[in-house]
Structure formats: C-alpha cells, structure tokens
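Shown next, in structure tokens, is the structure this report addresses.
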Amino acid sequence: MQKMLGRLQAQVLRPNVTSLAFVLRQSSTAAAAAKPSTKNQATTSKEFRERQVRFNIKNEHTEGRPLYLDAQATTPMDPRVLDAMLPYLTNCFGNPHSRTHAYGWETEQAVEVAREQVAKLIGADPKEIIFTSGATESNNIAVKGVARFYGTNRKHVITTQTEHKCVLDSCRALENEGYRVTYLPVQANGIIELKQLEEAMTPDTSLVSIMTVNNEIGVKQPIQEIGKLCRSRKVFFHTDAAQAVGKIPIDVNAMNIDLMSISGHKIYGPKGVGALYVRRRPRVRLEPIQSGGGQERGLRSGTVPAPLAVGLGTAAELSMQEMDYDKKWVDFLSKRLMDTITNSLPHVIRNGDPVHTYSGCLNLSFAYVEGESLLMALKDVALSSGSACTSASLEPSYVLRAIGTDEDLAHSSIRFGIGRFTTIEEVDYTANKCIKHVERLREMSPLWEMVQEGIDLKTIQWSQH
C-alpha cells in the first residue's frame, strides 16, 4: 500500500519539477542573452588567467638544498682550508702548550705559522695576535678588558647605535658597573659624523669602539679618520672587523687601530675560532675576562685549538692572495643582482650608503611587501631579513631603525650576501624569483592597489580599533 502511494506521489510531482526546470533554464538563457559580452571583459578574464599562471606557486618543488646567499651570517669553508686542517685533526693531535715532546712542538709550530699568517693580512706583528673562539669573544675582551683596566681614572666609553649585539651588550654590562657609555647616532646612510665623535670625547674617555663594515647594511665607516682622531686625543680605538678582514685592505698601523676583532667563519675558515689584535707599541693594557693557565700572553687562558688556528691562518693567507679577484667578482655579481631587481621592480630602496659600502652585503627594502612573507616564498634560496644573531626576533632591525628607515620598510628588508663561491646562475635565479614573488605579494596588497591609484599613504589617517 505504501509503495503504491509513493509511486502515485512521484507521478503527481514529476511534471511540476520538469516545468520548473524548464522555466529556470529559459530565464537563465534569456538573462545570458540580455547581458552583453564586451571585449573588455574578455581581456580582463585573459589577464586574470595569465596572472594566475604566472603567480601560481602550487607546483613549485625544491629539489636538493637551497642556494646560499647569506654570506654575512657565515661562509662555506674553502676546501684548501680543510686540507690544511686535516693533519691536525688526525695524526698531529698534540697540545700546542706541551713543551716536553714532539707532539707539542709540531702543533705549536703550526699555531705560530697561523699567527704569522693572520698578522700579515692586517699588517701587524705576530706577537700582537691573540687566538680566541670568535669575534664575539674578541669584542668582549676588547671592550670590557680595556674599560676595566683603565676604569680607575677613566670611566667613559664611546660606541655607535649600529654596532653588533655583542658590543652593545658589553657596553650595557659596563653601564651596570658604573661606567658611562655614549651611543653615537648615525646618518641616514649609516655612517657616523666625525664631528659628533670628537664632541663626545672627554678626558674621561678610555675607549672608542666602532665597527669597520656593518653586518646588516654593509656600510664602511671612515676607520682611518677615526683612528687618527683617537690617537690625537690619546683614546684607544677598537674596531669589530669581522665583516671586513680579508675582504677589504686593512693596515692596523696606517689606520691607527689599537684593537681589532677577527672571525674565522666569515673568511671561509672554520667556525669556533677568531683572533684579537692587541697593539704592543704604544702598549694597550687590558684585563682578561677569563682566568686559567695564562696562555696567549695571559690575555686569553685556555688551550689553543691547533686545527682551528691552522684553518684561520690558511683562510687569512688565501684571503690576502685572492682579495683583488674576490672583490672584482663580488662587485660584478652585486651590481648584476641590484640592476636586475631595480630594472624590473619599482619602490625598491637600498639601505645604507651606496658608495662607502662592501658590495657583498646588499640590503634592500621592498615597499608594500612583508619581508618574512617574501623569505617564505623564496624558500629555495637561503637569505636573511637581518642579523643572524637577532633573526629570532620579530622586531624590525635596530640597525635600520637607527638610519631612520620607516617601520614598514624595515619590516620589508632582505639582506643578500654574496661571496667567493656565489655563481652568476645563482644570482640570476634569485633575482628572477624575487621579482616574481614581490609582484605576486603586491597583487594581494590593498596598500599597493592604493599606491597604484595615486593615493599618498602617509596622508591617510587610519582609524583605531
């Protein structure tokens, strides 16, 4: 009985459904006929499809390891450095401070050869080179050591706002001990004003610490002029040259440098080793920050790691031999990268002075693009949005803020690090990928749309929520 009722109901309803479908089909066909299909709509649709294909990232697959363009964070070890280190990692394993047998003698000789190689690179005496664990330790020894040794009579230190984190933190530690620290501002190009430095100096000043090449924006400070000024005022001058040694010519005597920090892994050497240059004439005295057996002239106690010291020495010698070649190659690649990007993209700003700079460090801000989004898009290229030491922070770079960069531009900055082993193909690939993803991210940005319409974003008063 129920089945018969169901069939009867279906027969009654089916004609109505069919007629309803017919009415709907007729009305939709009529609407389509009434709506004009213009040429502009076809063009817009075609452009949309082209953009869709161009900006599609679903099918992007990275095979193998990413390209490396982060030479300011670290550099790959030169194979020739590894060759020099290998004997001291295997058979020649003696302690260089063991004076009673051949194992100690051979490693001590190797360490002294490395000391000579580092000294030659910067025009120093080998006795003025102290091996450390890296530039961070060298900076700590220099800043804290000099300030504390002369702290009885002079308790003032001068540095800049754009120094490396370890120098700034060492200065803050001194402030907690009762020292007075002056943090000099920099100009919009990242370079200090010598007049401001001169005015900041007092009879109470014991040390000036200013880095040679900035690790984020690559600007070179006028080191020779600063050294001359410090010498005339009888103030010790320390420079963090981790990003400069082996890349630009440095002579500690011509530049009147009293203390200099060096890092091994920034010049294609091993990680975990560095050096501190400490002038002997006129003598610089400093208080060691580490107690122990009194190695390294009593300034840095602890066993010198012979394989790492040999690696640093070899890297220094190679840098000296190939400095001119490296400079020409890095200059060529840097210009190629810069020209390719700026010729294709508007609103790209170079951070730092374009002339007084180390070209291997190229820091660019891409307006109306979030830097972290761009880094995520360029996952097949190893890049950085700032210093490796502060990259965990989401705050904009303190270096970019110091040169007066707007916060939105500071957030959109990318640092490209070019080195000895970077290739033309890597630079071209990075530039093209960068152009593609900046255009894609701008297409999604309402701010970019407003700029295209000629609206000045700085005149807009955004409502508070």
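Here's how to read the names in the structure tokens: chain A, B, ... by the order shown, residue numbers from 1 in each chain, ligand numbers from 1 in the order shown.
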Close residues, Asn432 (chain A) itself excluded, 12 Å, only C-alpha atoms, min 4 positions apart in chain, as a list of chain:residue names: A:Arg336, A:Leu337, A:Met338, A:Asp339, A:Thr340, A:Ile341, A:Thr342, A:Asn343, A:Ser344, A:Leu345, A:Leu378, A:Val381, A:Glu425, A:Glu426, A:Val427, A:Asp428, A:Lys436, A:His437, A:Val438, A:Glu439
For the selection just defined, write its residues with N, CA, C and O atoms to a file, as a JSON list (two decimals), in the first residue's frame.
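Resulting contents of out_29.json:
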[["chain", "number", "residue", "atom", "x", "y", "z"],
["A", 336, "ARG", "N", 75.00, 43.13, -10.74],
["A", 336, "ARG", "CA", 74.07, 42.36, -11.59],
["A", 336, "ARG", "C", 72.75, 42.11, -10.85],
["A", 336, "ARG", "O", 71.67, 42.29, -11.42],
["A", 337, "LEU", "N", 72.84, 41.72, -9.58],
["A", 337, "LEU", "CA", 71.64, 41.47, -8.78],
["A", 337, "LEU", "C", 70.84, 42.74, -8.58],
["A", 337, "LEU", "O", 69.61, 42.76, -8.78],
["A", 338, "MET", "N", 71.53, 43.82, -8.23],
["A", 338, "MET", "CA", 70.87, 45.10, -7.98],
["A", 338, "MET", "C", 70.18, 45.62, -9.25],
["A", 338, "MET", "O", 69.02, 46.04, -9.21],
["A", 339, "ASP", "N", 70.89, 45.59, -10.36],
["A", 339, "ASP", "CA", 70.34, 46.10, -11.63],
["A", 339, "ASP", "C", 69.13, 45.29, -12.09],
["A", 339, "ASP", "O", 68.13, 45.84, -12.54],
["A", 340, "THR", "N", 69.23, 43.96, -11.99],
["A", 340, "THR", "CA", 68.13, 43.09, -12.43],
["A", 340, "THR", "C", 66.86, 43.38, -11.64],
["A", 340, "THR", "O", 65.76, 43.48, -12.20],
["A", 341, "ILE", "N", 67.01, 43.51, -10.33],
["A", 341, "ILE", "CA", 65.83, 43.74, -9.47],
["A", 341, "ILE", "C", 65.26, 45.14, -9.68],
["A", 341, "ILE", "O", 64.06, 45.31, -9.89],
["A", 342, "THR", "N", 66.12, 46.16, -9.65],
["A", 342, "THR", "CA", 65.61, 47.54, -9.73],
["A", 342, "THR", "C", 65.09, 47.90, -11.12],
["A", 342, "THR", "O", 64.24, 48.78, -11.25],
["A", 343, "ASN", "N", 65.57, 47.23, -12.16],
["A", 343, "ASN", "CA", 65.06, 47.50, -13.52],
["A", 343, "ASN", "C", 63.67, 46.91, -13.72],
["A", 343, "ASN", "O", 62.94, 47.32, -14.62],
["A", 344, "SER", "N", 63.30, 45.93, -12.91],
["A", 344, "SER", "CA", 62.00, 45.26, -13.06],
["A", 344, "SER", "C", 60.98, 45.67, -12.02],
["A", 344, "SER", "O", 59.78, 45.55, -12.25],
["A", 345, "LEU", "N", 61.44, 46.13, -10.86],
["A", 345, "LEU", "CA", 60.52, 46.46, -9.77],
["A", 345, "LEU", "C", 60.66, 47.92, -9.34],
["A", 345, "LEU", "O", 61.77, 48.39, -9.11],
["A", 378, "LEU", "N", 60.64, 32.63, -0.95],
["A", 378, "LEU", "CA", 61.96, 32.31, -1.52],
["A", 378, "LEU", "C", 62.63, 31.21, -0.71],
["A", 378, "LEU", "O", 63.81, 31.31, -0.35],
["A", 381, "VAL", "N", 66.04, 29.65, -1.59],
["A", 381, "VAL", "CA", 67.25, 30.48, -1.51],
["A", 381, "VAL", "C", 67.47, 30.85, -0.05],
["A", 381, "VAL", "O", 66.56, 31.36, 0.60],
["A", 425, "GLU", "N", 74.62, 32.09, -12.14],
["A", 425, "GLU", "CA", 73.33, 31.40, -12.24],
["A", 425, "GLU", "C", 72.53, 31.57, -10.94],
["A", 425, "GLU", "O", 71.31, 31.76, -10.98],
["A", 426, "GLU", "N", 73.21, 31.50, -9.81],
["A", 426, "GLU", "CA", 72.54, 31.66, -8.51],
["A", 426, "GLU", "C", 71.97, 33.07, -8.36],
["A", 426, "GLU", "O", 70.85, 33.25, -7.89],
["A", 427, "VAL", "N", 72.74, 34.06, -8.77],
["A", 427, "VAL", "CA", 72.29, 35.45, -8.68],
["A", 427, "VAL", "C", 71.10, 35.69, -9.60],
["A", 427, "VAL", "O", 70.11, 36.31, -9.19],
["A", 428, "ASP", "N", 71.17, 35.20, -10.83],
["A", 428, "ASP", "CA", 70.07, 35.38, -11.79],
["A", 428, "ASP", "C", 68.80, 34.68, -11.31],
["A", 428, "ASP", "O", 67.69, 35.24, -11.39],
["A", 436, "LYS", "N", 59.39, 37.88, -9.20],
["A", 436, "LYS", "CA", 58.10, 37.18, -9.33],
["A", 436, "LYS", "C", 57.29, 37.26, -8.04],
["A", 436, "LYS", "O", 56.10, 37.60, -8.06],
["A", 437, "HIS", "N", 57.93, 36.98, -6.91],
["A", 437, "HIS", "CA", 57.18, 36.90, -5.66],
["A", 437, "HIS", "C", 56.85, 38.29, -5.09],
["A", 437, "HIS", "O", 55.82, 38.44, -4.42],
["A", 438, "VAL", "N", 57.68, 39.27, -5.36],
["A", 438, "VAL", "CA", 57.33, 40.64, -4.94],
["A", 438, "VAL", "C", 56.09, 41.10, -5.69],
["A", 438, "VAL", "O", 55.16, 41.67, -5.11],
["A", 439, "GLU", "N", 56.05, 40.83, -7.01],
["A", 439, "GLU", "CA", 54.87, 41.20, -7.81],
["A", 439, "GLU", "C", 53.63, 40.45, -7.31],
["A", 439, "GLU", "O", 52.54, 41.02, -7.22]]
Exercise: region 259-268 of chain A partners within 6 Å, only C-alpha atoms, chain neighbours under 3 positions left out, as a ChimeraX atom specification: /A:74-78,134-135,138,238-242,271,273-278,312
Test item, alpha helix (DSSP H) assignment across region 219-410 of chain A, answer as a PyMOL selection string: chain A and resi 223-232+306-344+371-377+398-402+407-410
For the selection just defined, write its residues with C-alpha atoms to a file, as a PDB file, in the first residue's frame.
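Produced file out_2.pdb, reproduced below:
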ATOM      1  CA  ILE A 223      88.190  53.968  10.059  1.00  0.00           C
ATOM      2  CA  GLN A 224      91.400  55.793   9.133  1.00  0.00           C
ATOM      3  CA  GLU A 225      89.963  59.186  10.135  1.00  0.00           C
ATOM      4  CA  ILE A 226      88.508  57.753  13.367  1.00  0.00           C
ATOM      5  CA  GLY A 227      91.880  56.166  14.237  1.00  0.00           C
ATOM      6  CA  LYS A 228      93.709  59.428  13.602  1.00  0.00           C
ATOM      7  CA  LEU A 229      91.270  61.341  15.825  1.00  0.00           C
ATOM      8  CA  CYS A 230      91.533  58.783  18.642  1.00  0.00           C
ATOM      9  CA  ARG A 231      95.343  58.797  18.512  1.00  0.00           C
ATOM     10  CA  SER A 232      95.430  62.609  18.703  1.00  0.00           C
ATOM     11  CA  ALA A 306      95.503  23.878  16.834  1.00  0.00           C
ATOM     12  CA  PRO A 307      93.337  22.594  13.911  1.00  0.00           C
ATOM     13  CA  LEU A 308      91.078  25.655  14.107  1.00  0.00           C
ATOM     14  CA  ALA A 309      94.016  28.078  14.420  1.00  0.00           C
ATOM     15  CA  VAL A 310      95.654  26.450  11.368  1.00  0.00           C
ATOM     16  CA  GLY A 311      92.355  26.830   9.496  1.00  0.00           C
ATOM     17  CA  LEU A 312      92.109  30.520  10.409  1.00  0.00           C
ATOM     18  CA  GLY A 313      95.717  31.122   9.331  1.00  0.00           C
ATOM     19  CA  THR A 314      95.217  29.390   5.978  1.00  0.00           C
ATOM     20  CA  ALA A 315      91.945  31.267   5.380  1.00  0.00           C
ATOM     21  CA  ALA A 316      93.734  34.564   6.129  1.00  0.00           C
ATOM     22  CA  GLU A 317      96.567  33.726   3.702  1.00  0.00           C
ATOM     23  CA  LEU A 318      94.104  32.762   0.943  1.00  0.00           C
ATOM     24  CA  SER A 319      92.082  35.946   1.516  1.00  0.00           C
ATOM     25  CA  MET A 320      95.235  38.012   1.122  1.00  0.00           C
ATOM     26  CA  GLN A 321      96.191  36.227  -2.109  1.00  0.00           C
ATOM     27  CA  GLU A 322      92.715  36.425  -3.657  1.00  0.00           C
ATOM     28  CA  MET A 323      91.406  39.736  -2.271  1.00  0.00           C
ATOM     29  CA  ASP A 324      91.551  41.578  -5.616  1.00  0.00           C
ATOM     30  CA  TYR A 325      89.909  38.704  -7.503  1.00  0.00           C
ATOM     31  CA  ASP A 326      87.221  38.264  -4.837  1.00  0.00           C
ATOM     32  CA  LYS A 327      86.458  41.995  -4.861  1.00  0.00           C
ATOM     33  CA  LYS A 328      86.014  42.135  -8.649  1.00  0.00           C
ATOM     34  CA  TRP A 329      83.794  39.025  -8.633  1.00  0.00           C
ATOM     35  CA  VAL A 330      81.616  40.173  -5.716  1.00  0.00           C
ATOM     36  CA  ASP A 331      81.278  43.698  -7.194  1.00  0.00           C
ATOM     37  CA  PHE A 332      80.184  42.225 -10.544  1.00  0.00           C
ATOM     38  CA  LEU A 333      77.579  39.902  -9.013  1.00  0.00           C
ATOM     39  CA  SER A 334      76.253  42.556  -6.628  1.00  0.00           C
ATOM     40  CA  LYS A 335      75.745  45.050  -9.467  1.00  0.00           C
ATOM     41  CA  ARG A 336      74.070  42.361 -11.590  1.00  0.00           C
ATOM     42  CA  LEU A 337      71.644  41.465  -8.780  1.00  0.00           C
ATOM     43  CA  MET A 338      70.870  45.096  -7.985  1.00  0.00           C
ATOM     44  CA  ASP A 339      70.343  46.103 -11.630  1.00  0.00           C
ATOM     45  CA  THR A 340      68.128  43.092 -12.431  1.00  0.00           C
ATOM     46  CA  ILE A 341      65.832  43.744  -9.475  1.00  0.00           C
ATOM     47  CA  THR A 342      65.612  47.544  -9.734  1.00  0.00           C
ATOM     48  CA  ASN A 343      65.061  47.496 -13.516  1.00  0.00           C
ATOM     49  CA  SER A 344      62.002  45.263 -13.061  1.00  0.00           C
ATOM     50  CA  GLY A 371      59.818  40.689   4.421  1.00  0.00           C
ATOM     51  CA  GLU A 372      59.005  37.471   6.258  1.00  0.00           C
ATOM     52  CA  SER A 373      56.386  36.574   3.581  1.00  0.00           C
ATOM     53  CA  LEU A 374      58.981  37.130   0.873  1.00  0.00           C
ATOM     54  CA  LEU A 375      61.507  34.958   2.712  1.00  0.00           C
ATOM     55  CA  MET A 376      58.910  32.185   2.993  1.00  0.00           C
ATOM     56  CA  ALA A 377      58.219  32.458  -0.744  1.00  0.00           C
ATOM     57  CA  TYR A 398      67.656  48.133  15.210  1.00  0.00           C
ATOM     58  CA  VAL A 399      70.260  48.994  12.544  1.00  0.00           C
ATOM     59  CA  LEU A 400      67.557  50.016  10.043  1.00  0.00           C
ATOM     60  CA  ARG A 401      65.727  51.997  12.725  1.00  0.00           C
ATOM     61  CA  ALA A 402      68.988  53.772  13.582  1.00  0.00           C
ATOM     62  CA  GLU A 407      58.982  50.706  10.337  1.00  0.00           C
ATOM     63  CA  ASP A 408      57.031  49.296   7.367  1.00  0.00           C
ATOM     64  CA  LEU A 409      60.147  49.454   5.152  1.00  0.00           C
ATOM     65  CA  ALA A 410      62.291  47.974   7.935  1.00  0.00           C
TER      66      ALA A 410
END
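CA of Arg440 (chain A) to CA of Tyr368 (chain A) spans 11.3 Å [interatomic distance, one decimal].
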Strand (DSSP E) residues, from DSSP on the backbone, in region 53-263 of chain A, as a ChimeraX atom specification: /A:67-68,129-132,156-160,180-184,205-209,236-240,259-263
Nearby residues (only C-alpha atoms) at most 7 Å from Ile418 (chain A), same-chain spacing under 3 positions excluded, as a list in words: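 Residues near the query, excluding close chain neighbours: Leu69, Asp70, Ala71, Val330, Gly360, Cys361 and Thr422 of chain A.
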Which of A:Val208, A:Leu194, A:Ile122, A:Ala188 sits closest to Val167 (chain A) [using only C-alpha atoms]: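 That would be A:Val208, the residue with the smallest distance to Val167 (chain A).
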Test item: residues at most 10 Å from Gln187 (chain A), only C-alpha atoms, excluding those fewer than 3 positions along its chain, as a ChimeraX atom specification: /A:184,190-193,352-353,402-404
10 Å contact set for Ile141 (chain A), only C-alpha atoms, chain neighbours under 2 positions out, as a ChimeraX atom specification: /A:132,135-139,143-147,170,259,261,276,286-290,299-300
Å distance separating CA of Arg283 (chain A) from CA of Glu128 (chain A), one decimal place: 10.2 Å
Shell around Tyr179 (chain A) at 7 Å using only C-alpha atoms, local window under 4 positions removed, as a PyMOL selection string: chain A and resi 155-156+174-175
CA of Gly269 (chain A) to CA of Arg80 (chain A), straight-line distance in Å: 9.6 Å
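Nearest to Phe93 (chain A) of all the residues A:Asp258, A:Glu449, A:Glu106, A:Glu198 is A:Glu106, based on only C-alpha atoms.
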